[in-house]
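This is work12.txt (compact mmCIF, C-alpha atoms).
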# COMPACT_ATOMS: atom_id res chain seq x y z
CA MET A 1 -104.09 18.65 35.97
CA PRO A 2 -107.90 18.99 36.01
CA THR A 3 -109.62 18.52 39.32
CA LYS A 4 -113.16 17.53 39.95
CA GLU A 5 -115.43 17.77 42.98
CA VAL A 6 -117.78 14.83 43.47
CA ILE A 7 -120.73 15.00 45.84
CA VAL A 8 -121.10 11.50 47.28
CA LEU A 9 -123.50 11.76 50.26
CA GLN A 10 -123.09 8.19 51.42
CA ASP A 11 -123.67 7.00 55.01
CA LEU A 12 -120.57 5.00 55.91
CA LEU A 13 -122.59 2.99 58.42
CA GLY A 14 -125.13 2.37 55.63
CA PRO A 15 -123.80 -1.07 54.59
CA ASN A 16 -123.99 -2.29 58.20
CA LYS A 17 -127.50 -0.84 58.65
CA LYS A 18 -128.65 -2.57 55.46
CA ILE A 19 -127.36 -5.99 56.57
CA ALA A 20 -128.88 -5.43 60.03
CA ALA A 21 -132.27 -4.67 58.45
CA GLU A 22 -132.09 -7.89 56.40
CA ILE A 23 -131.24 -9.92 59.51
CA ARG A 24 -134.07 -8.29 61.46
CA ALA A 25 -136.57 -9.07 58.69
CA GLU A 26 -135.41 -12.69 58.43
CA LEU A 27 -135.74 -13.20 62.19
CA GLU A 28 -139.21 -11.62 62.14
CA LYS A 29 -140.26 -14.08 59.43
CA ARG A 30 -139.20 -16.90 61.76
CA GLY A 31 -140.82 -15.27 64.81
CA ILE A 32 -137.50 -14.97 66.64
CA LEU A 33 -136.87 -12.00 68.93
CA ALA A 34 -133.23 -10.86 68.83
CA VAL A 35 -131.68 -9.16 71.86
CA ASN A 36 -128.35 -7.30 71.72
CA LEU A 37 -126.63 -7.17 75.13
CA MET A 38 -124.06 -4.41 75.62
CA SER A 39 -121.96 -3.49 78.65
CA SER A 40 -118.44 -3.03 79.96
CA PRO A 41 -116.40 -6.20 80.45
CA GLY A 42 -117.45 -8.01 83.61
CA ALA A 43 -120.88 -6.41 84.07
CA GLY A 44 -122.49 -9.84 84.04
CA LYS A 45 -123.84 -10.39 80.52
CA THR A 46 -122.94 -14.08 80.47
CA ALA A 47 -124.17 -14.63 84.04
CA LEU A 48 -127.51 -13.04 83.09
CA LEU A 49 -127.76 -15.30 80.03
CA GLU A 50 -126.98 -18.38 82.15
CA GLN A 51 -129.83 -17.48 84.50
CA ILE A 52 -132.21 -16.82 81.59
CA ALA A 53 -131.22 -20.21 80.10
CA VAL A 54 -132.06 -22.02 83.34
CA ARG A 55 -135.37 -20.20 83.83
CA LEU A 56 -136.58 -20.34 80.22
CA LYS A 57 -135.77 -24.01 79.70
CA THR A 58 -139.34 -25.30 79.78
CA GLU A 59 -140.96 -22.18 78.36
CA ALA A 60 -139.01 -21.17 75.29
CA ALA A 61 -136.11 -22.08 72.99
CA MET A 62 -133.09 -19.82 72.86
CA ALA A 63 -129.64 -19.61 71.30
CA VAL A 64 -126.73 -17.29 71.98
CA ILE A 65 -124.11 -15.62 69.82
CA GLU A 66 -121.11 -14.66 71.93
CA GLY A 67 -118.77 -11.86 70.89
CA ASP A 68 -115.32 -11.61 72.45
CA ILE A 69 -111.87 -10.53 71.42
CA GLU A 70 -110.43 -13.95 72.24
CA THR A 71 -111.43 -17.41 73.62
CA GLU A 72 -114.47 -19.75 73.52
CA ARG A 73 -115.05 -19.34 77.25
CA ASP A 74 -118.42 -17.61 77.15
CA ALA A 75 -119.87 -19.96 74.52
CA GLU A 76 -118.73 -22.92 76.64
CA ARG A 77 -120.52 -21.51 79.69
CA ILE A 78 -123.74 -21.16 77.67
CA ARG A 79 -123.45 -24.65 76.13
CA ALA A 80 -123.01 -26.05 79.63
CA LYS A 81 -126.60 -24.90 80.24
CA GLY A 82 -127.79 -26.96 77.25
CA VAL A 83 -128.23 -23.95 74.98
CA PRO A 84 -126.70 -23.71 71.47
CA ALA A 85 -124.01 -21.05 71.31
CA TRP A 86 -121.70 -19.65 68.66
CA GLN A 87 -118.55 -17.82 69.58
CA ILE A 88 -117.34 -14.96 67.43
CA THR A 89 -113.78 -13.93 68.27
CA THR A 90 -112.99 -10.56 66.75
CA GLY A 91 -109.21 -10.81 67.12
CA GLY A 92 -108.95 -7.35 68.63
CA ALA A 93 -111.94 -5.49 67.25
CA CYS A 94 -114.00 -3.69 69.86
CA HIS A 95 -117.52 -4.47 68.61
CA LEU A 96 -119.65 -6.88 66.58
CA GLU A 97 -120.93 -5.94 63.13
CA ALA A 98 -124.06 -7.13 61.37
CA LYS A 99 -122.16 -9.14 58.74
CA MET A 100 -120.70 -11.35 61.49
CA ILE A 101 -124.23 -12.18 62.66
CA GLY A 102 -125.30 -12.70 59.04
CA ARG A 103 -122.74 -15.49 58.62
CA ILE A 104 -124.23 -17.40 61.55
CA LEU A 105 -127.89 -16.80 60.71
CA PRO A 106 -128.32 -19.76 58.28
CA ALA A 107 -127.30 -22.14 61.09
CA VAL A 108 -129.81 -20.69 63.58
CA ASP A 109 -132.72 -23.07 64.33
CA PRO A 110 -135.87 -21.48 62.77
CA GLY A 111 -137.95 -22.76 65.70
CA LEU A 112 -136.28 -20.53 68.28
CA ASP A 113 -138.06 -17.96 70.40
CA PHE A 114 -134.99 -15.89 71.28
CA LEU A 115 -131.61 -15.14 69.78
CA PHE A 116 -129.37 -13.38 72.28
CA ILE A 117 -126.28 -11.60 71.01
CA GLU A 118 -123.70 -10.85 73.68
CA ASN A 119 -121.59 -8.01 72.32
CA VAL A 120 -117.89 -7.48 73.00
CA GLY A 121 -117.46 -6.01 76.50
CA ASN A 122 -117.23 -2.28 75.78
CA LEU A 123 -119.63 0.53 76.63
CA VAL A 124 -118.63 2.70 73.66
CA CYS A 125 -118.13 1.16 70.21
CA PRO A 126 -120.90 -1.49 70.06
CA ALA A 127 -123.50 1.28 70.31
CA SER A 128 -122.73 2.42 66.73
CA TYR A 129 -123.55 -0.93 65.13
CA GLU A 130 -127.04 -2.35 64.67
CA LEU A 131 -126.96 -6.13 64.54
CA GLY A 132 -130.55 -6.78 63.49
CA GLU A 133 -131.78 -6.82 67.08
CA HIS A 134 -135.32 -6.01 68.20
CA LEU A 135 -134.27 -5.09 71.73
CA ARG A 136 -131.07 -3.42 72.72
CA CYS A 137 -130.17 -3.98 76.38
CA VAL A 138 -127.45 -2.11 78.17
CA LEU A 139 -126.21 -3.67 81.41
CA LEU A 140 -124.65 -1.71 84.22
CA SER A 141 -123.26 -3.49 87.29
CA THR A 142 -123.29 -1.85 90.69
CA PRO A 143 -119.47 -2.02 91.22
CA GLU A 144 -118.97 0.09 88.06
CA GLY A 145 -120.39 3.11 89.84
CA ASP A 146 -123.53 5.20 89.55
CA ASP A 147 -122.02 7.89 87.31
CA LYS A 148 -121.93 5.87 84.10
CA PRO A 149 -125.09 6.84 82.13
CA LYS A 150 -124.00 10.45 81.64
CA LYS A 151 -120.39 9.43 80.97
CA TYR A 152 -121.31 6.92 78.26
CA PRO A 153 -124.52 8.44 76.90
CA LYS A 154 -124.74 6.72 73.56
CA ALA A 155 -125.10 3.23 75.02
CA PHE A 156 -128.04 4.49 77.08
CA THR A 157 -129.74 6.73 74.50
CA THR A 158 -129.76 3.95 71.89
CA SER A 159 -131.00 1.18 74.21
CA ASP A 160 -134.53 -0.02 74.93
CA VAL A 161 -133.72 -1.66 78.24
CA LEU A 162 -131.37 -0.96 81.14
CA VAL A 163 -130.54 -3.99 83.28
CA LEU A 164 -128.80 -3.09 86.52
CA THR A 165 -126.85 -6.17 87.61
CA LYS A 166 -125.19 -7.37 90.85
CA ALA A 167 -127.91 -5.76 92.98
CA ASP A 168 -126.93 -8.19 95.75
CA LEU A 169 -123.82 -6.03 96.28
CA LEU A 170 -125.82 -2.83 96.93
CA PRO A 171 -125.45 -3.02 100.73
CA TYR A 172 -121.66 -2.85 100.34
CA LEU A 173 -121.33 -0.14 97.72
CA PRO A 174 -121.87 3.62 97.57
CA PHE A 175 -124.18 3.14 94.59
CA ASP A 176 -127.21 5.42 94.41
CA ILE A 177 -129.72 3.42 92.43
CA ASP A 178 -132.28 6.26 92.26
CA LYS A 179 -129.64 8.56 90.79
CA VAL A 180 -128.68 6.05 88.11
CA VAL A 181 -132.27 5.44 87.11
CA ARG A 182 -133.01 9.18 87.09
CA GLU A 183 -129.96 10.03 84.99
CA ALA A 184 -130.59 7.16 82.58
CA LEU A 185 -134.23 8.23 82.15
CA ASP A 186 -133.09 11.84 81.64
CA LEU A 187 -131.09 10.63 78.67
CA ASN A 188 -133.72 8.24 77.40
CA PRO A 189 -137.20 8.49 78.94
CA LYS A 190 -138.32 5.33 77.14
CA LEU A 191 -135.78 3.02 78.84
CA ARG A 192 -137.30 0.04 80.67
CA VAL A 193 -135.29 -0.53 83.84
CA PHE A 194 -134.79 -3.85 85.65
CA VAL A 195 -132.83 -4.25 88.87
CA THR A 196 -131.36 -7.76 88.96
CA SER A 197 -128.97 -10.16 90.63
CA ALA A 198 -127.80 -13.39 89.04
CA VAL A 199 -126.82 -14.55 92.54
CA THR A 200 -130.10 -14.03 94.41
CA GLY A 201 -132.38 -14.13 91.36
CA GLN A 202 -133.77 -10.67 92.10
CA GLY A 203 -135.62 -9.12 89.16
CA LEU A 204 -135.04 -12.04 86.80
CA ASP A 205 -138.66 -13.18 86.65
CA GLU A 206 -139.75 -9.64 85.76
CA PHE A 207 -137.09 -9.36 83.05
CA ILE A 208 -138.01 -12.75 81.58
CA ALA A 209 -141.73 -11.86 81.64
CA PHE A 210 -140.82 -8.71 79.67
CA LEU A 211 -138.84 -10.78 77.13
CA LEU A 212 -141.73 -13.21 76.65
CA HIS A 213 -144.15 -10.30 76.24
CA SER A 214 -141.82 -8.71 73.66
CA ARG A 215 -141.67 -12.00 71.73
CA ASP A 216 -145.49 -12.19 71.71
CA GLU A 217 -145.69 -8.58 70.48
CA LEU A 218 -143.19 -9.31 67.70
CA ARG A 219 -145.18 -12.35 66.57
CA ARG A 220 -148.43 -10.40 66.63
CA ARG A 221 -146.90 -7.64 64.50
CA HIS A 222 -145.46 -10.06 61.97
CA ALA A 223 -148.12 -12.79 61.96
CA MET B 1 -133.87 -28.36 73.15
CA ASN B 2 -131.03 -29.78 71.15
CA SER B 3 -127.50 -29.22 72.32
CA SER B 4 -124.98 -27.19 70.47
CA PRO B 5 -124.55 -27.26 66.69
CA SER B 6 -122.32 -24.36 67.47
CA SER B 7 -119.00 -23.23 66.18
CA SER B 8 -116.33 -20.65 66.48
CA ILE B 9 -115.95 -17.84 63.97
CA ARG B 10 -112.88 -15.74 63.54
CA ALA B 11 -114.33 -12.45 62.41
CA MET B 12 -111.42 -10.11 61.79
CA SER B 13 -107.72 -10.51 61.50
CA SER B 14 -106.71 -6.89 61.13
CA GLY B 15 -106.20 -6.40 64.85
CA ALA B 16 -108.36 -3.31 64.58
CA VAL B 17 -108.78 -2.04 68.11
CA MET B 18 -110.99 0.98 67.52
CA HIS B 19 -114.13 0.97 65.44
CA GLU B 20 -113.02 4.12 63.61
CA ILE B 21 -110.69 1.81 61.65
CA SER B 22 -113.57 -0.25 60.29
CA ILE B 23 -115.34 2.98 59.32
CA VAL B 24 -112.22 4.13 57.48
CA ALA B 25 -111.88 0.74 55.74
CA GLY B 26 -115.43 1.20 54.39
CA LEU B 27 -114.59 4.78 53.40
CA PHE B 28 -111.61 3.63 51.35
CA GLU B 29 -113.74 1.09 49.45
CA THR B 30 -115.95 3.99 48.38
CA LEU B 31 -112.98 6.23 47.56
CA LEU B 32 -111.46 3.57 45.29
CA GLU B 33 -114.81 3.06 43.54
CA GLN B 34 -115.26 6.78 42.99
CA ALA B 35 -111.70 7.22 41.73
CA ARG B 36 -112.18 4.38 39.26
CA ASP B 37 -115.54 5.69 38.03
CA HIS B 38 -114.07 9.15 37.37
CA ASN B 39 -110.68 8.00 36.01
CA ALA B 40 -108.98 9.86 38.82
CA ARG B 41 -105.25 9.76 39.39
CA GLU B 42 -105.55 10.93 42.97
CA VAL B 43 -108.02 11.76 45.71
CA THR B 44 -106.96 15.14 47.06
CA SER B 45 -109.63 15.92 49.62
CA VAL B 46 -112.29 14.08 51.60
CA ARG B 47 -115.10 15.73 53.54
CA LEU B 48 -117.09 13.81 56.17
CA LYS B 49 -120.07 14.76 58.32
CA VAL B 50 -120.08 12.97 61.66
CA GLY B 51 -123.22 12.94 63.80
CA LEU B 52 -122.95 13.75 67.49
CA LEU B 53 -124.68 10.45 68.25
CA SER B 54 -122.72 8.37 65.71
CA GLY B 55 -120.34 7.12 68.37
CA ILE B 56 -117.40 8.27 66.29
CA VAL B 57 -114.57 10.34 67.74
CA PRO B 58 -113.39 12.75 65.01
CA GLU B 59 -109.77 12.75 66.29
CA LEU B 60 -109.60 8.94 66.17
CA LEU B 61 -111.18 8.98 62.75
CA ALA B 62 -108.44 11.35 61.56
CA SER B 63 -105.69 9.11 63.01
CA ALA B 64 -107.22 6.03 61.41
CA PHE B 65 -107.47 7.89 58.08
CA ASP B 66 -103.79 8.91 58.21
CA MET B 67 -102.73 5.34 59.02
CA TYR B 68 -104.85 3.86 56.30
CA LYS B 69 -104.11 6.24 53.44
CA LYS B 70 -100.41 5.40 53.03
CA GLY B 71 -99.75 3.76 49.69
CA THR B 72 -103.29 4.37 48.43
CA ILE B 73 -104.80 6.68 45.85
CA ALA B 74 -105.64 9.03 48.74
CA GLU B 75 -102.09 9.15 50.12
CA ASN B 76 -102.00 12.97 49.98
CA ALA B 77 -105.67 13.60 50.69
CA ALA B 78 -106.71 16.16 53.26
CA LEU B 79 -109.50 15.04 55.60
CA GLU B 80 -112.13 17.49 56.76
CA VAL B 81 -114.62 16.42 59.44
CA GLU B 82 -117.70 18.42 60.35
CA THR B 83 -119.63 17.45 63.49
CA VAL B 84 -123.40 17.41 63.03
CA PRO B 85 -125.62 18.14 66.05
CA LEU B 86 -128.55 15.97 67.01
CA GLY B 87 -131.77 16.85 65.19
CA VAL B 88 -135.07 15.72 66.72
CA ARG B 89 -138.73 15.99 65.78
CA CYS B 90 -141.27 15.81 68.59
CA ARG B 91 -144.20 13.49 67.91
CA ALA B 92 -146.24 15.22 70.62
CA CYS B 93 -145.96 18.93 69.71
CA GLY B 94 -144.35 18.72 66.27
CA ALA B 95 -141.41 20.97 67.20
CA GLU B 96 -138.13 20.37 65.41
CA SER B 97 -135.03 21.10 67.48
CA ARG B 98 -131.30 20.85 67.40
CA LYS B 99 -129.59 19.47 70.47
CA GLU B 100 -125.99 19.75 71.56
CA ASP B 101 -126.57 17.29 74.42
CA PHE B 102 -127.84 13.73 74.51
CA VAL B 103 -130.94 14.28 76.61
CA LEU B 104 -133.83 12.79 74.68
CA ALA B 105 -136.65 15.09 75.73
CA CYS B 106 -138.31 17.77 73.60
CA PRO B 107 -136.90 21.23 74.46
CA SER B 108 -140.34 22.76 73.77
CA CYS B 109 -142.77 20.45 75.60
CA ALA B 110 -140.49 17.94 77.42
CA SER B 111 -142.14 14.96 75.72
CA PRO B 112 -139.88 11.90 75.42
CA ASP B 113 -141.61 10.85 72.20
CA LEU B 114 -138.91 12.04 69.80
CA GLU B 115 -137.85 10.94 66.39
CA ILE B 116 -134.13 11.39 65.74
CA VAL B 117 -133.86 12.90 62.27
CA GLN B 118 -130.18 13.75 62.25
CA GLY B 119 -127.00 13.01 64.19
CA THR B 120 -126.54 9.22 64.06
CA GLU B 121 -124.91 9.21 60.63
CA ILE B 122 -121.35 9.27 59.30
CA VAL B 123 -121.69 10.67 55.83
CA LEU B 124 -119.08 10.94 53.11
CA GLU B 125 -120.24 14.30 51.80
CA LYS B 126 -117.85 15.08 48.97
CA ILE B 127 -114.42 14.38 47.58
CA GLU B 128 -112.01 16.16 45.27
CA LEU B 129 -110.25 14.21 42.56
CA GLU B 130 -107.37 14.87 40.23
CA ILE B 131 -108.36 13.56 36.86
CA ASP B 132 -106.01 11.71 34.57
CA GLU B 133 -105.75 13.77 31.39
CA GLY B 134 -106.35 11.93 28.15
CA ALA B 135 -108.05 9.06 29.90
CA PRO B 136 -111.27 7.84 28.32
CA GLY B 137 -114.64 8.47 29.96
CA GLU B 138 -116.11 11.58 31.48
CA THR B 139 -113.62 14.18 32.62
CA GLY B 140 -115.88 17.04 33.83
Show me the file's structure as structure tokens.
Amino acid sequence: MPTKEVIVLQDLLGPNKKIAAEIRAELEKRGILAVNLMSSPGAGKTALLEQIAVRLKTEAAMAVIEGDIETERDAERIRAKGVPAWQITTGGACHLEAKMIGRILPAVDPGLDFLFIENVGNLVCPASYELGEHLRCVLLSTPEGDDKPKKYPKAFTTSDVLVLTKADLLPYLPFDIDKVVREALDLNPKLRVFVTSAVTGQGLDEFIAFLLHSRDELRRRHA
Amino acid sequence: MNSSPSSSIRAMSSGAVMHEISIVAGLFETLLEQARDHNAREVTSVRLKVGLLSGIVPELLASAFDMYKKGTIAENAALEVETVPLGVRCRACGAESRKEDFVLACPSCASPDLEIVQGTEIVLEKIELEIDEGAPGETG
């Protein structure tokens, strides 16, 4: 039987990248800054979003897309702060993909300032999938340990921002904050680092000021 | 601000627990298309290039491929995976380098201002097909 070799040269992540680019362009047209939050489960993504919701209330309009394997719990927490939230349950899948965001996009209020996307809790798989975000934030909580950037490099090399969370626990933990920042910056010298606590409020004003500045920059670029 | 117009979306029902499975699902869409376009009876070999920074584990990709191929046109296909190192171009000194680690600093001048030119991709490079004799269309 005749055989044939076919050169294909197709990026298998290409379809996701294409949808992500369309989402990014659509959000830019509306002047909405999209932020993709990635971390292990329990690092405090939802708690950070709750604090941002409370502090941004008078200054800017936001909405949240929540990604989880099961349950509406995170979306309910966000709605309790008066912020629109959509819950995506992946039914087992370890990450969000751009097409899932694309399905929600038509329902997103065009007057928003920020669309936050809380990825499935996982420090590995989400890093491979662009969702149309303008800022990729990786969160690392102090109880997880200060050895994580080098153990999970892709999440740190592909992010724009590192948010260290649960800083209020630092007095009780053998967590070397200088080491984490140094190792994260070794991997990715362009990372912006914020040290925060959703309990004490530490670092939140600085992080929110950075978000507002990033929104202004986006609107200037796409005016 | 208005309160929630929100909803719940069930995104996947496959129970896929590693993202290599969604990569392989996309791969099989392409394989079926290619087989159809070339009137192939069977896909006998598949060659992928996986970037060091693609976030894909070649071993898991191979397991997902073996699980997925049963009962398909690629049931007997051999999978070959080549790992591609990170390729960077320095915007400061212009040097192009290959990196086996993830440290994003130029090996020549230490500048962090790098453009990643290779290593984030998962590319289906080539396939081998068995062509149905006597079928219409091009048969190389």
Residue list as a list in words for point (-125.1, -0.2, 64.0), cut-off 8 Å, all atoms listed in the file: Leu13, Asn16, Lys17, Ala20, Glu97, Ala98, Pro126, Ala127, Ser128, Tyr129, Glu130 and Leu131 of chain A
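Atom pair atom CA of Phe114 of chain A / atom CA of Gln51 of chain A has a distance of 14.3 Å (rounded to one decimal).
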Atom pair atom CA of Ala21 of chain A / atom CA of Leu105 of chain A: separation (Å):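 Atom CA of Leu105 of chain A lies at a distance of 13.1 Å from atom CA of Ala21 of chain A.
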Which residue of A:Arg219, A:Arg77, A:Lys190, A:Lys148 approaches chain B most closely, using all atoms listed in the file: A:Lys190
Spatial sel., origin (-126.0, -18.6, 88.6), limit 7 Å, only C-alpha atoms, listed as number ranges by chain: A: 47, 50-51, 198-199
Residue list for chain A near chain B as a PyMOL selection string, 8 Å, all atoms listed in the file: chain A and resi 1-13+61+72+79+82-95+100+124-125+127-128+153-154+157+186-190
Atom-to-atom span, atom CA of Arg182 of chain A and atom CA of Gly87 of chain B, Å: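 It comes out at 23.2 Å.
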Best match for closeness to Asn39 of chain B among B:Lys99, B:Ile73, B:Met67, B:Pro58, counting only C-alpha atoms: B:Ile73
Distance query Glu96 of chain B at most 9 Å, all atoms listed in the file, self and fewer than 6 positions along chain excluded, as a list of chain:residue names: B:Gly87, B:Val88, B:Arg89, B:Cys90, B:Cys106, B:Ser108
Residue with smallest distance to Cys109 of chain B - pool B:Cys93, B:Val81, B:Leu32, B:Leu60, counting all atoms listed in the file: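 Distance minimum relative to Cys109 of chain B lands on B:Cys93.
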Need the shell around Thr142 of chain A: protein/DNA/RNA residues with any atom at most 12 Å away, counting all atoms listed in the file. Skip same-chain ones fewer than 5 positions apart. Format as a CSV table (one decimal) with C-alpha atoms, in the coordinates of the input?
chain,number,residue,atom,x,y,z
A,40,SER,CA,-118.4,-3.0,80.0
A,42,GLY,CA,-117.4,-8.0,83.6
A,43,ALA,CA,-120.9,-6.4,84.1
A,44,GLY,CA,-122.5,-9.8,84.0
A,147,ASP,CA,-122.0,7.9,87.3
A,148,LYS,CA,-121.9,5.9,84.1
A,163,VAL,CA,-130.5,-4.0,83.3
A,164,LEU,CA,-128.8,-3.1,86.5
A,165,THR,CA,-126.8,-6.2,87.6
A,166,LYS,CA,-125.2,-7.4,90.8
A,167,ALA,CA,-127.9,-5.8,93.0
A,168,ASP,CA,-126.9,-8.2,95.8
A,169,LEU,CA,-123.8,-6.0,96.3
A,170,LEU,CA,-125.8,-2.8,96.9
A,171,PRO,CA,-125.4,-3.0,100.7
A,172,TYR,CA,-121.7,-2.8,100.3
A,173,LEU,CA,-121.3,-0.1,97.7
A,174,PRO,CA,-121.9,3.6,97.6
A,175,PHE,CA,-124.2,3.1,94.6
A,176,ASP,CA,-127.2,5.4,94.4
A,177,ILE,CA,-129.7,3.4,92.4
A,180,VAL,CA,-128.7,6.0,88.1
A,195,VAL,CA,-132.8,-4.2,88.9
A,196,THR,CA,-131.4,-7.8,89.0
A,197,SER,CA,-129.0,-10.2,90.6
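Shortest atom-to-atom contact with Tyr68 of chain B among B:Ala110, B:Val117, B:Phe28, B:Ala92: B:Phe28, counting all atoms listed in the file.
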